[in-house]
Amino acid sequence: MDKVLIDTDVILDFFFDRQPFSENAAKVLSLCESGAIQGFVTPVIFSNVYYLLRRTAKHALVIEKLKQLLTITDVLMMDKGVIISALSSKFKDFEDALQNYAASNAGNIDAILTRNIKDFKNSDLGVFTPEDYLKTK
């Protein structure tokens, strides 16, 4: 079973029904729900998603949506080592560096799913758009 980090943009594509990307985001999350793949997020992803969803919905509704997401995904650890790696990296975006090193340091993540492939060009992990990843399933 593949273990994948699902980046913030993919989660937001699903929640905001951002066309034409939401269909593939929904398929990825459906694979997580069915147990065909194991999806992971980070605390930063949860924080970002909460912040952006909260702009359009009440706190209670956003919390309920995040709890639902948590039933089909697991959360990667972010510790001092992840932060040091991110700060020392060649990543131009610190948030992406944090996501990458949380996945890399976990030791069992097969790929990162994101629409911002170029932001992860310095990753040692496989990086795919949801569309390209789904073609492998």
# chains A, B, ... in the order shown; residues from 1 in each chain; ligands from 1
call {"tool": "closest_atom_pairs", "arguments": {"of": "range 8-60 of chain A", "to": "range 71-87 of chain A", "cutoff": "12 Å", "atoms": "only C-alpha atoms", "output": "CSV"}}
result
residue,atom,partner,partner_atom,distance
A:Ile11,CA,A:Thr73,CA,11.1
A:Val28,CA,A:Ile72,CA,10.8
A:Leu29,CA,A:Ile72,CA,7.5
A:Ser30,CA,A:Ile72,CA,8.7
A:Leu31,CA,A:Ile72,CA,9.2
A:Cys32,CA,A:Ile72,CA,5.7
A:Glu33,CA,A:Ile72,CA,5.1
A:Ser34,CA,A:Ile72,CA,8.5
A:Gly35,CA,A:Ile72,CA,8.4
A:Ala36,CA,A:Ile72,CA,11.1
A:Ile37,CA,A:Thr73,CA,9.7
A:Gln38,CA,A:Thr73,CA,6.8
A:Gly39,CA,A:Thr73,CA,4.9
A:Phe40,CA,A:Asp74,CA,4.7
A:Val41,CA,A:Val75,CA,5.0
A:Thr42,CA,A:Leu76,CA,5.1
A:Pro43,CA,A:Val75,CA,6.9
A:Val44,CA,A:Met78,CA,8.8
A:Ile45,CA,A:Val75,CA,9.5
A:Phe46,CA,A:Val75,CA,9.2
call {"tool": "write_last_selection", "arguments": {"atoms": "C-alpha atoms", "output": "CSV table (one decimal), in the first residue's frame"}}
result
chain,number,residue,atom,x,y,z
A,11,ILE,CA,-7.0,19.2,0.4
A,28,VAL,CA,-7.2,10.6,-3.8
A,29,LEU,CA,-9.2,11.1,-0.6
A,30,SER,CA,-11.5,8.2,-1.6
A,31,LEU,CA,-8.5,5.9,-1.9
A,32,CYS,CA,-7.5,6.9,1.6
A,33,GLU,CA,-11.0,6.3,2.9
A,34,SER,CA,-11.1,2.8,1.2
A,35,GLY,CA,-7.7,1.9,2.6
A,36,ALA,CA,-6.2,1.5,-0.9
A,37,ILE,CA,-3.5,4.0,0.1
A,38,GLN,CA,-2.5,5.6,3.4
A,39,GLY,CA,-2.7,9.3,3.3
A,40,PHE,CA,-0.8,11.6,5.6
A,41,VAL,CA,-0.9,15.3,6.4
A,42,THR,CA,1.1,17.5,8.8
A,43,PRO,CA,0.1,19.8,11.6
A,44,VAL,CA,1.0,22.7,9.3
A,45,ILE,CA,-1.5,21.4,6.6
A,46,PHE,CA,-4.2,21.3,9.3
call {"tool": "atom_distance", "arguments": {"atom1": "CA of Asn122 in chain A", "atom2": "CA of Asp13 in chain A"}}
result
23.9 Å
call {"tool": "closest_residue", "arguments": {"among": "A:Leu113, A:Lys118, A:Ala57, A:Met1", "to": "Asp132 in chain A", "atoms": "only C-alpha atoms"}}
result
A:Leu113
call {"tool": "select_by_dssp", "arguments": {"residues": "range 12-134 of chain A", "states": "strand (DSSP E)", "output": "list in words"}}
result
Ile37, Gln38, Gly39, Phe40, Val41, Thr73, Asp74, Val75, Ala111, Ile112, Leu113, Gly126, Val127 and Phe128 of chain A
call {"tool": "residues_around", "arguments": {"residues": "Asn116 in chain A", "least_positions_apart": "4", "cutoff": "9 Å", "atoms": "only C-alpha atoms", "output": "PyMOL selection string"}}
result
chain A and resi 7+9+120+128-129
call {"tool": "select_by_dssp", "arguments": {"residues": "range 4-125 of chain A", "states": "helix (DSSP H, G or I)", "output": "number ranges by chain"}}
result
A: 8-15, 22-34, 43-54, 59-72, 80-87, 94-106, 117-120
call {"tool": "residues_around", "arguments": {"residues": "range 110-112 of chain A", "least_positions_apart": "2", "cutoff": "8 Å", "atoms": "only C-alpha atoms", "output": "list in words"}}
result
Asp2, Lys3, Val4, Leu5, Ile6, Asp7, Asn100, Ala103, Asn108, Thr114, Leu125, Gly126, Val127 and Phe128 of chain A
call {"tool": "atom_distance", "arguments": {"atom1": "CA of Ala106 in chain A", "atom2": "CA of Ser123 in chain A"}}
result
13.8 Å
call {"tool": "atom_distance", "arguments": {"atom1": "CA of Leu53 in chain A", "atom2": "CA of Leu66 in chain A"}}
result
9.8 Å
call {"tool": "closest_residue", "arguments": {"among": "A:His59, A:Lys65, A:Lys121, A:Ile109", "to": "Lys90 in chain A", "atoms": "only C-alpha atoms"}}
result
A:Lys121
